[in-house]
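What follows is the content of structure.pdb (PDB, C-alpha atoms).
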```pdb
ATOM      1  CA  MET W 513     -70.204  49.086 -24.713
ATOM      2  CA  SER W 514     -72.103  45.787 -24.616
ATOM      3  CA  LEU W 515     -72.692  43.944 -27.850
ATOM      4  CA  LYS W 516     -76.403  44.743 -27.766
ATOM      5  CA  ALA W 517     -75.781  48.446 -27.160
ATOM      6  CA  GLU W 518     -73.117  48.487 -29.825
ATOM      7  CA  LEU W 519     -75.391  46.936 -32.447
ATOM      8  CA  LYS W 520     -78.170  49.364 -31.617
ATOM      9  CA  ALA W 521     -75.731  52.242 -32.073
ATOM     10  CA  LEU W 522     -74.526  50.730 -35.332
ATOM     11  CA  ARG W 523     -78.047  50.388 -36.697
ATOM     12  CA  THR W 524     -78.885  53.930 -35.622
ATOM     13  CA  ARG W 525     -75.766  55.341 -37.246
ATOM     14  CA  LEU W 526     -76.282  53.516 -40.522
ATOM     15  CA  GLU W 527     -80.023  53.718 -40.826
ATOM     16  CA  ALA W 528     -81.265  56.793 -38.919
ATOM     17  CA  GLY W 529     -82.818  59.421 -41.160
ATOM     18  CA  ARG W 530     -82.605  57.248 -44.273
ATOM     19  CA  SER W 531     -85.513  57.292 -46.675
ATOM     20  CA  PRO W 532     -87.646  54.146 -47.000
ATOM     21  CA  GLU W 533     -86.157  53.740 -50.503
ATOM     22  CA  ALA W 534     -82.621  53.833 -49.132
ATOM     23  CA  LEU W 535     -83.447  51.335 -46.389
ATOM     24  CA  ALA W 536     -85.039  49.036 -48.976
ATOM     25  CA  ILE W 537     -81.814  49.046 -51.031
ATOM     26  CA  MET W 538     -79.700  48.351 -47.944
ATOM     27  CA  HIS W 539     -81.895  45.500 -46.741
ATOM     28  CA  ARG W 540     -82.297  43.992 -50.201
ATOM     29  CA  ALA W 541     -78.527  43.868 -50.634
ATOM     30  CA  VAL W 542     -78.290  41.758 -47.458
ATOM     31  CA  ASP W 543     -81.116  39.459 -48.578
ATOM     32  CA  ASP W 544     -79.655  39.058 -52.066
ATOM     33  CA  LEU W 545     -76.260  38.216 -50.647
ATOM     34  CA  ARG W 546     -77.829  35.551 -48.466
ATOM     35  CA  LYS W 547     -79.772  34.032 -51.394
ATOM     36  CA  SER W 548     -77.009  34.348 -53.981
ATOM     37  CA  GLY W 549     -74.964  31.434 -52.721
ATOM     38  CA  ALA W 550     -72.108  33.873 -51.972
ATOM     39  CA  THR W 551     -71.930  32.478 -48.456
ATOM     40  CA  ASP W 552     -71.436  28.882 -49.681
ATOM     41  CA  GLY W 553     -67.742  29.446 -50.334
ATOM     42  CA  ILE W 554     -66.919  30.667 -46.817
ATOM     43  CA  LEU W 555     -64.310  28.514 -45.084
ATOM     44  CA  ARG W 556     -65.664  26.114 -42.491
ATOM     45  CA  VAL W 557     -64.605  24.318 -39.351
ATOM     46  CA  GLY W 558     -61.888  21.812 -40.251
ATOM     47  CA  ASP W 559     -60.639  23.855 -43.233
ATOM     48  CA  ARG W 560     -57.105  25.154 -43.270
ATOM     49  CA  ALA W 561     -57.043  28.921 -42.633
ATOM     50  CA  PRO W 562     -55.025  30.967 -45.129
ATOM     51  CA  ASP W 563     -52.053  32.691 -43.525
ATOM     52  CA  PHE W 564     -51.632  36.408 -44.114
ATOM     53  CA  ARG W 565     -49.317  39.367 -43.612
ATOM     54  CA  LEU W 566     -51.170  42.660 -43.341
ATOM     55  CA  PRO W 567     -50.317  46.167 -42.106
ATOM     56  CA  ASN W 568     -51.649  47.285 -38.718
ATOM     57  CA  ALA W 569     -52.741  50.820 -37.843
ATOM     58  CA  ASN W 570     -49.074  51.906 -37.672
ATOM     59  CA  GLU W 571     -48.372  50.261 -41.025
ATOM     60  CA  GLU W 572     -46.237  47.512 -39.453
ATOM     61  CA  LEU W 573     -46.729  44.107 -41.081
ATOM     62  CA  ILE W 574     -48.404  41.529 -38.843
ATOM     63  CA  ASP W 575     -47.840  37.875 -39.750
ATOM     64  CA  SER W 576     -50.529  35.359 -38.781
ATOM     65  CA  ARG W 577     -47.920  32.582 -38.517
ATOM     66  CA  ALA W 578     -46.040  34.480 -35.820
ATOM     67  CA  LEU W 579     -49.293  34.965 -33.883
ATOM     68  CA  ARG W 580     -50.211  31.270 -34.209
ATOM     69  CA  GLU W 581     -46.864  30.257 -32.774
ATOM     70  CA  ARG W 582     -47.867  31.980 -29.548
ATOM     71  CA  GLY W 583     -51.355  30.503 -29.254
ATOM     72  CA  PRO W 584     -54.765  30.263 -30.921
ATOM     73  CA  LEU W 585     -55.770  33.128 -33.180
ATOM     74  CA  VAL W 586     -59.152  34.854 -33.406
ATOM     75  CA  VAL W 587     -59.742  36.658 -36.704
ATOM     76  CA  THR W 588     -62.680  39.005 -37.136
ATOM     77  CA  PHE W 589     -63.618  40.483 -40.506
ATOM     78  CA  TYR W 590     -65.626  43.697 -40.509
ATOM     79  CA  ARG W 591     -66.588  46.239 -43.148
ATOM     80  CA  GLY W 592     -65.069  49.352 -41.597
ATOM     81  CA  ARG W 593     -65.785  51.968 -38.994
ATOM     82  CA  TRP W 594     -68.349  53.883 -41.034
TER      83      TRP W 594
ATOM     84  CA  MET V 247     -65.977  47.097 -30.419
ATOM     85  CA  ALA V 248     -67.456  44.624 -27.974
ATOM     86  CA  LEU V 249     -64.385  42.478 -28.625
ATOM     87  CA  GLN V 250     -62.345  44.870 -26.528
ATOM     88  CA  ALA V 251     -64.346  43.723 -23.499
ATOM     89  CA  ILE V 252     -63.151  40.127 -23.868
ATOM     90  CA  GLN V 253     -59.486  41.034 -24.374
ATOM     91  CA  PRO V 254     -58.546  40.003 -20.794
ATOM     92  CA  ASP V 255     -60.273  36.632 -21.295
ATOM     93  CA  LEU V 256     -58.510  36.105 -24.609
ATOM     94  CA  ALA V 257     -55.162  36.938 -23.044
ATOM     95  CA  ALA V 258     -55.856  34.487 -20.190
ATOM     96  CA  LEU V 259     -56.500  31.789 -22.800
ATOM     97  CA  GLY V 260     -53.232  32.620 -24.557
ATOM     98  CA  ALA V 261     -55.063  33.733 -27.700
ATOM     99  CA  SER V 262     -54.359  36.616 -30.064
ATOM    100  CA  LEU V 263     -57.089  38.683 -31.682
ATOM    101  CA  VAL V 264     -56.885  40.587 -34.955
ATOM    102  CA  ALA V 265     -59.638  42.497 -36.742
ATOM    103  CA  ILE V 266     -59.426  42.825 -40.523
ATOM    104  CA  SER V 267     -61.180  45.321 -42.784
ATOM    105  CA  PRO V 268     -60.384  46.963 -46.113
ATOM    106  CA  GLN V 269     -60.218  50.464 -44.641
ATOM    107  CA  LEU V 270     -56.947  52.380 -44.772
ATOM    108  CA  PRO V 271     -54.661  52.415 -41.688
ATOM    109  CA  GLU V 272     -55.525  56.063 -40.980
ATOM    110  CA  HIS V 273     -59.105  54.971 -40.195
ATOM    111  CA  ASN V 274     -57.790  52.199 -37.981
ATOM    112  CA  ARG V 275     -55.677  54.721 -36.080
ATOM    113  CA  GLU V 276     -58.825  56.768 -35.542
ATOM    114  CA  LEU V 277     -60.689  53.679 -34.311
ATOM    115  CA  ILE V 278     -57.914  52.790 -31.853
ATOM    116  CA  ARG V 279     -57.796  56.365 -30.555
ATOM    117  CA  THR V 280     -61.531  56.827 -30.077
ATOM    118  CA  ARG V 281     -62.411  53.315 -28.892
ATOM    119  CA  HIS V 282     -59.236  52.598 -26.914
ATOM    120  CA  LEU V 283     -58.628  49.287 -28.667
ATOM    121  CA  THR V 284     -55.661  47.206 -27.585
ATOM    122  CA  PHE V 285     -55.768  44.528 -30.283
ATOM    123  CA  GLU V 286     -54.376  44.759 -33.807
ATOM    124  CA  ILE V 287     -56.652  46.054 -36.545
ATOM    125  CA  LEU V 288     -55.304  45.296 -39.986
ATOM    126  CA  THR V 289     -55.834  46.694 -43.465
ATOM    127  CA  ASP V 290     -56.755  44.170 -46.153
ATOM    128  CA  ARG V 291     -56.403  46.094 -49.414
ATOM    129  CA  SER V 292     -59.023  45.061 -52.003
ATOM    130  CA  ASN V 293     -60.211  42.384 -49.547
ATOM    131  CA  GLU V 294     -57.587  39.948 -50.821
ATOM    132  CA  VAL V 295     -57.342  37.996 -47.564
ATOM    133  CA  ALA V 296     -61.124  38.135 -47.110
ATOM    134  CA  ASN V 297     -61.386  36.582 -50.556
ATOM    135  CA  ARG V 298     -59.203  33.660 -49.498
ATOM    136  CA  PHE V 299     -61.597  33.065 -46.596
ATOM    137  CA  GLY V 300     -64.526  33.181 -49.073
ATOM    138  CA  LEU V 301     -65.898  36.458 -47.727
ATOM    139  CA  ARG V 302     -65.414  39.072 -50.452
ATOM    140  CA  PHE V 303     -68.447  40.390 -52.309
ATOM    141  CA  ALA V 304     -69.033  43.221 -54.777
ATOM    142  CA  LEU V 305     -71.627  45.801 -53.815
ATOM    143  CA  PRO V 306     -74.649  45.918 -56.119
ATOM    144  CA  ASP V 307     -74.862  49.085 -58.242
ATOM    145  CA  ASP V 308     -77.830  50.550 -56.366
ATOM    146  CA  LEU V 309     -76.047  50.204 -53.017
ATOM    147  CA  HIS V 310     -72.840  51.642 -54.464
ATOM    148  CA  LYS V 311     -74.773  54.701 -55.695
ATOM    149  CA  LEU V 312     -76.651  55.012 -52.411
ATOM    150  CA  TYR V 313     -73.440  54.984 -50.357
ATOM    151  CA  LEU V 314     -72.041  57.812 -52.485
ATOM    152  CA  THR V 315     -75.023  59.953 -51.457
ATOM    153  CA  PHE V 316     -74.483  59.362 -47.697
ATOM    154  CA  PRO V 317     -71.698  60.404 -48.488
ATOM    155  CA  LEU V 318     -69.561  57.307 -48.169
ATOM    156  CA  ASP V 319     -66.948  56.973 -50.883
ATOM    157  CA  LEU V 320     -65.554  53.500 -50.323
ATOM    158  CA  GLU V 321     -62.974  54.072 -53.038
ATOM    159  CA  LYS V 322     -61.428  56.878 -51.002
ATOM    160  CA  PHE V 323     -62.042  55.247 -47.633
ATOM    161  CA  ASN V 324     -60.399  51.969 -48.633
ATOM    162  CA  GLY V 325     -57.901  53.288 -51.186
ATOM    163  CA  ASP V 326     -59.332  50.793 -53.651
ATOM    164  CA  ALA V 327     -61.735  51.179 -56.553
ATOM    165  CA  SER V 328     -63.177  47.670 -56.346
ATOM    166  CA  TRP V 329     -66.241  48.515 -54.226
ATOM    167  CA  THR V 330     -65.988  45.186 -52.498
ATOM    168  CA  LEU V 331     -66.472  44.366 -48.819
ATOM    169  CA  PRO V 332     -66.096  41.311 -46.599
ATOM    170  CA  ILE V 333     -69.113  39.429 -45.294
ATOM    171  CA  PRO V 334     -68.795  40.009 -41.528
ATOM    172  CA  ALA V 335     -67.264  36.870 -40.006
ATOM    173  CA  ARG V 336     -65.203  35.493 -37.151
ATOM    174  CA  PHE V 337     -62.870  32.498 -37.101
ATOM    175  CA  VAL V 338     -61.035  30.717 -34.302
ATOM    176  CA  ILE V 339     -57.833  29.209 -35.707
ATOM    177  CA  ASP V 340     -55.729  26.730 -33.761
ATOM    178  CA  GLN V 341     -51.947  26.720 -33.590
ATOM    179  CA  GLN V 342     -51.730  24.287 -36.509
ATOM    180  CA  GLY V 343     -53.699  26.713 -38.689
ATOM    181  CA  VAL V 344     -56.966  24.760 -38.720
ATOM    182  CA  ILE V 345     -60.288  26.569 -38.347
ATOM    183  CA  ARG V 346     -61.975  25.366 -35.157
ATOM    184  CA  HIS V 347     -64.911  27.764 -35.030
ATOM    185  CA  ALA V 348     -66.506  29.839 -37.810
ATOM    186  CA  GLU V 349     -69.395  32.298 -37.820
ATOM    187  CA  SER V 350     -70.584  34.690 -40.495
ATOM    188  CA  ASP V 351     -73.702  36.651 -41.357
ATOM    189  CA  PRO V 352     -74.321  38.952 -44.345
ATOM    190  CA  ASP V 353     -76.484  41.126 -42.060
ATOM    191  CA  TYR V 354     -74.140  43.919 -40.989
ATOM    192  CA  THR V 355     -76.272  44.691 -37.924
ATOM    193  CA  THR V 356     -75.565  41.348 -36.270
ATOM    194  CA  ARG V 357     -72.312  40.169 -34.736
ATOM    195  CA  PRO V 358     -71.135  36.884 -33.290
ATOM    196  CA  GLU V 359     -71.498  36.698 -29.516
ATOM    197  CA  PRO V 360     -68.099  37.122 -27.853
ATOM    198  CA  GLU V 361     -69.063  34.301 -25.454
ATOM    199  CA  ASP V 362     -69.262  31.804 -28.349
ATOM    200  CA  THR V 363     -65.744  32.744 -29.397
ATOM    201  CA  LEU V 364     -64.469  32.239 -25.858
ATOM    202  CA  ALA V 365     -66.251  28.877 -25.565
ATOM    203  CA  ALA V 366     -64.536  27.689 -28.758
ATOM    204  CA  LEU V 367     -61.154  28.810 -27.429
ATOM    205  CA  ARG V 368     -61.659  27.030 -24.117
ATOM    206  CA  THR V 369     -61.955  23.718 -25.981
ATOM    207  CA  LEU V 370     -58.489  24.353 -27.489
ATOM    208  CA  SER V 371     -56.542  25.739 -24.628
ATOM    209  CA  PRO V 372     -55.407  23.946 -21.490
ATOM    210  CA  VAL V 373     -55.291  27.332 -19.742
ATOM    211  CA  ARG V 374     -58.556  28.117 -18.011
ATOM    212  CA  LYS V 375     -59.570  31.359 -16.388
ATOM    213  CA  THR V 376     -61.021  30.794 -12.932
TER     214      THR V 376
END
```
Kindly return the structure encoded in the file as C-alpha coordinates.
Amino acid sequence: MSLKAELKALRTRLEAGRSPEALAIMHRAVDDLRKSGATDGILRVGDRAPDFRLPNANEELIDSRALRERGPLVVTFYRGRW
Amino acid sequence: MALQAIQPDLAALGASLVAISPQLPEHNRELIRTRHLTFEILTDRSNEVANRFGLRFALPDDLHKLYLTFPLDLEKFNGDASWTLPIPARFVIDQQGVIRHAESDPDYTTRPEPEDTLAALRTLSPVRKT
(Lines of atoms letter the chains of each structure in order from A and count residues from 1; the text may use other names and numbers.)
(Lines give C-alpha, C1' and ligand atoms only; values in the text may rest on other atoms or scores of the structure.)
Protein backbone atom coordinates (compact mmCIF):
# COMPACT_ATOMS: atom_id res chain seq x y z
CA MET A 1 0.00 0.00 0.00
CA SER A 2 1.36 3.45 -0.86
CA LEU A 3 1.88 5.94 1.92
CA LYS A 4 -1.03 8.06 0.73
CA ALA A 5 -3.38 5.08 0.56
CA GLU A 6 -2.18 3.86 3.91
CA LEU A 7 -2.83 7.20 5.61
CA LYS A 8 -6.29 7.41 4.09
CA ALA A 9 -7.04 3.94 5.44
CA LEU A 10 -5.65 4.93 8.82
CA ARG A 11 -7.80 8.05 9.01
CA THR A 12 -10.86 6.09 7.92
CA ARG A 13 -10.26 3.39 10.51
CA LEU A 14 -9.71 5.82 13.36
CA GLU A 15 -12.24 8.45 12.49
CA ALA A 16 -15.07 6.85 10.47
CA GLY A 17 -18.41 6.89 12.26
CA ARG A 18 -17.11 8.98 15.16
CA SER A 19 -19.34 11.69 16.54
CA PRO A 20 -18.31 15.33 16.01
CA GLU A 21 -17.63 15.47 19.77
CA ALA A 22 -15.28 12.50 19.58
CA LEU A 23 -13.45 13.95 16.58
CA ALA A 24 -13.09 17.27 18.41
CA ILE A 25 -11.42 15.51 21.37
CA MET A 26 -9.07 13.60 19.05
CA HIS A 27 -8.07 16.68 17.07
CA ARG A 28 -7.72 18.87 20.15
CA ALA A 29 -5.34 16.37 21.73
CA VAL A 30 -3.07 16.69 18.67
CA ASP A 31 -3.25 20.49 18.73
CA ASP A 32 -2.59 20.65 22.47
CA LEU A 33 0.39 18.37 22.13
CA ARG A 34 1.80 20.61 19.43
CA LYS A 35 1.29 23.78 21.52
CA SER A 36 2.35 22.29 24.85
CA GLY A 37 6.06 22.35 24.13
CA ALA A 38 6.09 18.54 24.44
CA THR A 39 7.84 18.35 21.08
CA ASP A 40 10.70 20.63 22.20
CA GLY A 41 12.47 17.80 24.00
CA ILE A 42 12.61 15.47 20.99
CA LEU A 43 16.16 14.51 20.03
CA ARG A 44 17.57 16.31 17.02
CA VAL A 45 20.10 15.85 14.27
CA GLY A 46 23.57 15.75 15.83
CA ASP A 47 22.31 14.36 19.16
CA ARG A 48 23.51 11.00 20.37
CA ALA A 49 20.77 8.37 19.99
CA PRO A 50 20.07 6.29 23.10
CA ASP A 51 20.86 2.61 22.59
CA PHE A 52 18.18 0.09 23.48
CA ARG A 53 17.44 -3.61 23.89
CA LEU A 54 13.81 -4.47 23.24
CA PRO A 55 11.85 -7.66 22.52
CA ASN A 56 10.71 -8.35 18.96
CA ALA A 57 7.46 -10.07 17.98
CA ASN A 58 8.95 -13.44 19.02
CA GLU A 59 10.11 -11.98 22.33
CA GLU A 60 13.79 -12.18 21.35
CA LEU A 61 15.83 -9.20 22.55
CA ILE A 62 17.12 -6.95 19.77
CA ASP A 63 20.12 -4.76 20.60
CA SER A 64 20.52 -1.48 18.71
CA ARG A 65 24.32 -1.65 19.12
CA ALA A 66 24.47 -4.95 17.25
CA LEU A 67 22.38 -3.45 14.42
CA ARG A 68 24.58 -0.33 14.25
CA GLU A 69 27.67 -2.47 13.87
CA ARG A 70 26.25 -3.74 10.59
CA GLY A 71 25.25 -0.37 9.15
CA PRO A 72 23.04 2.69 9.65
CA LEU A 73 19.86 2.18 11.64
CA VAL A 74 16.39 3.56 10.90
CA VAL A 75 14.12 3.73 13.95
CA THR A 76 10.42 4.45 13.57
CA PHE A 77 8.16 5.09 16.56
CA TYR A 78 4.45 4.47 16.12
CA ARG A 79 1.48 4.25 18.46
CA GLY A 80 0.30 0.74 17.63
CA ARG A 81 -1.73 -1.14 15.08
CA TRP A 82 -5.12 0.03 16.33
CA MET B 1 3.25 -0.20 6.62
CA ALA B 2 4.61 1.78 3.70
CA LEU B 3 8.06 1.13 5.16
CA GLN B 4 7.84 -2.44 3.93
CA ALA B 5 7.95 -1.09 0.37
CA ILE B 6 11.39 0.46 0.90
CA GLN B 7 12.90 -2.62 2.57
CA PRO B 8 14.85 -3.60 -0.60
CA ASP B 9 16.27 -0.07 -0.84
CA LEU B 10 17.24 -0.09 2.82
CA ALA B 11 18.94 -3.45 2.42
CA ALA B 12 20.84 -2.16 -0.64
CA LEU B 13 22.09 0.74 1.49
CA GLY B 14 23.21 -1.66 4.22
CA ALA B 15 20.71 -0.20 6.70
CA SER B 16 18.57 -1.91 9.32
CA LEU B 17 15.02 -0.84 10.12
CA VAL B 18 13.17 -1.32 13.39
CA ALA B 19 9.71 -0.08 14.34
CA ILE B 20 8.98 0.58 18.01
CA SER B 21 5.62 0.86 19.75
CA PRO B 22 4.33 0.14 23.24
CA GLN B 23 1.99 -2.63 22.09
CA LEU B 24 2.54 -6.17 23.33
CA PRO B 25 4.43 -8.67 21.12
CA GLU B 26 1.21 -10.58 20.38
CA HIS B 27 -0.06 -7.53 18.46
CA ASN B 28 3.24 -7.29 16.62
CA ARG B 29 2.93 -10.95 15.61
CA GLU B 30 -0.51 -10.15 14.23
CA LEU B 31 0.88 -7.16 12.32
CA ILE B 32 3.69 -9.25 10.80
CA ARG B 33 1.23 -11.98 9.80
CA THR B 34 -1.37 -9.73 8.21
CA ARG B 35 0.96 -7.17 6.62
CA HIS B 36 3.80 -9.52 5.69
CA LEU B 37 6.43 -7.36 7.36
CA THR B 38 10.05 -8.45 7.14
CA PHE B 39 11.60 -5.92 9.52
CA GLU B 40 11.73 -6.11 13.31
CA ILE B 41 8.88 -4.56 15.27
CA LEU B 42 9.75 -4.10 18.91
CA THR B 43 7.79 -3.67 22.13
CA ASP B 44 8.72 -0.66 24.25
CA ARG B 45 6.95 -1.26 27.56
CA SER B 46 5.69 1.98 29.15
CA ASN B 47 7.39 3.88 26.30
CA GLU B 48 10.68 3.91 28.19
CA VAL B 49 12.85 4.10 25.07
CA ALA B 50 10.46 6.60 23.47
CA ASN B 51 10.93 8.72 26.58
CA ARG B 52 14.70 8.74 26.09
CA PHE B 53 14.13 10.05 22.56
CA GLY B 54 11.82 12.75 24.01
CA LEU B 55 8.67 11.27 22.48
CA ARG B 56 6.53 9.99 25.36
CA PHE B 57 3.34 11.82 26.26
CA ALA B 58 0.41 11.10 28.57
CA LEU B 59 -3.03 11.04 26.99
CA PRO B 60 -5.37 13.76 28.25
CA ASP B 61 -8.27 12.46 30.37
CA ASP B 62 -10.94 13.14 27.75
CA LEU B 63 -9.03 11.17 25.11
CA HIS B 64 -8.36 8.34 27.55
CA LYS B 65 -12.10 8.10 28.29
CA LEU B 66 -12.98 8.36 24.61
CA TYR B 67 -10.63 5.51 23.65
CA LEU B 68 -12.26 3.27 26.26
CA THR B 69 -15.60 3.76 24.48
CA PHE B 70 -14.21 2.73 21.05
CA PRO B 71 -13.39 0.28 22.72
CA LEU B 72 -9.64 0.64 22.91
CA ASP B 73 -8.19 -0.28 26.28
CA LEU B 74 -4.57 0.80 25.99
CA GLU B 75 -3.84 -0.68 29.40
CA LYS B 76 -4.69 -4.15 28.10
CA PHE B 77 -3.29 -3.57 24.62
CA ASN B 78 0.08 -2.38 25.90
CA GLY B 79 0.22 -4.32 29.17
CA ASP B 80 0.85 -1.03 30.93
CA ALA B 81 -1.41 1.24 32.96
CA SER B 82 0.41 4.47 32.12
CA TRP B 83 -1.81 5.55 29.21
CA THR B 84 1.17 7.03 27.46
CA LEU B 85 2.08 6.91 23.78
CA PRO B 86 5.01 7.99 21.62
CA ILE B 87 4.78 11.01 19.34
CA PRO B 88 5.13 9.38 15.90
CA ALA B 89 8.73 9.89 14.76
CA ARG B 90 11.53 8.51 12.61
CA PHE B 91 15.29 8.75 13.12
CA VAL B 92 18.24 7.81 10.94
CA ILE B 93 21.17 6.86 13.19
CA ASP B 94 24.69 6.42 11.86
CA GLN B 95 27.08 3.66 12.87
CA GLN B 96 28.61 5.86 15.57
CA GLY B 97 25.18 6.31 17.16
CA VAL B 98 24.63 9.92 16.07
CA ILE B 99 21.23 11.04 14.78
CA ARG B 100 21.61 12.15 11.17
CA HIS B 101 17.97 12.68 10.27
CA ALA B 102 14.94 13.25 12.52
CA GLU B 103 11.25 13.75 11.77
CA SER B 104 8.26 13.80 14.07
CA ASP B 105 4.67 15.01 14.03
CA PRO B 106 2.05 14.79 16.79
CA ASP B 107 -0.60 14.33 14.07
CA TYR B 108 -1.10 10.56 13.94
CA THR B 109 -2.53 10.76 10.41
CA THR B 110 0.73 11.95 8.88
CA ARG B 111 3.91 9.96 8.37
CA PRO B 112 7.38 10.83 7.18
CA GLU B 113 7.90 10.18 3.48
CA PRO B 114 9.97 7.02 2.98
CA GLU B 115 11.91 8.87 0.25
CA ASP B 116 13.23 11.40 2.79
CA THR B 117 14.54 8.56 4.93
CA LEU B 118 16.28 7.00 1.94
CA ALA B 119 17.79 10.36 0.93
CA ALA B 120 19.26 10.76 4.43
CA LEU B 121 20.72 7.25 4.28
CA ARG B 122 22.30 7.86 0.88
CA THR B 123 24.35 10.70 2.37
CA LEU B 124 25.79 8.22 4.92
CA SER B 125 26.40 5.15 2.88
CA PRO B 126 28.98 4.63 0.16
CA VAL B 127 26.74 1.90 -1.28
CA ARG B 128 24.38 3.27 -3.89
CA LYS B 129 21.53 1.48 -5.57
CA THR B 130 21.61 1.94 -9.33
Written as a PyMOL selection string, which residues does the PyMOL selection byres ((chain V) within 7 of (chain W)) give for the file shown? chain V and resi 248+260-269+271-272+274-275+286-290+295+298-301+308-309+312+331-332+334-341+343-348+352-353+355-356
Applied to the shown file, which residues does the PyMOL selection byres ((chain V and resi 324) around 6) return, written as a ChimeraX atom specification? /V:268-270,320-323,325-326
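Across the structure, atom CA of V:Pro317 and atom CA of V:Tyr354 are spaced 18.3 Å apart.
Selection check: the PyMOL selection byres ((chain V and resi 252) around 12) on the shown file gives Met513, Ser514, Leu515 and Val586 of chain W; Met247, Ala248, Leu249, Gln250, Ala251, Gln253, Pro254, Asp255, Leu256, Ala257, Ala258, Leu259, Ala261, Ser262, Leu263, Leu283, Thr284, Phe285, Glu359, Pro360, Glu361, Asp362, Thr363, Leu364 and Ala365 of chain V.
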Take atom CA of V:Glu276 and atom CA of V:Asp319 and report the distance between them in Å, one decimal. 17.4 Å
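Interatomic distance, atom CA of V:Asp307 to atom CA of V:Ser328: 11.9 Å.
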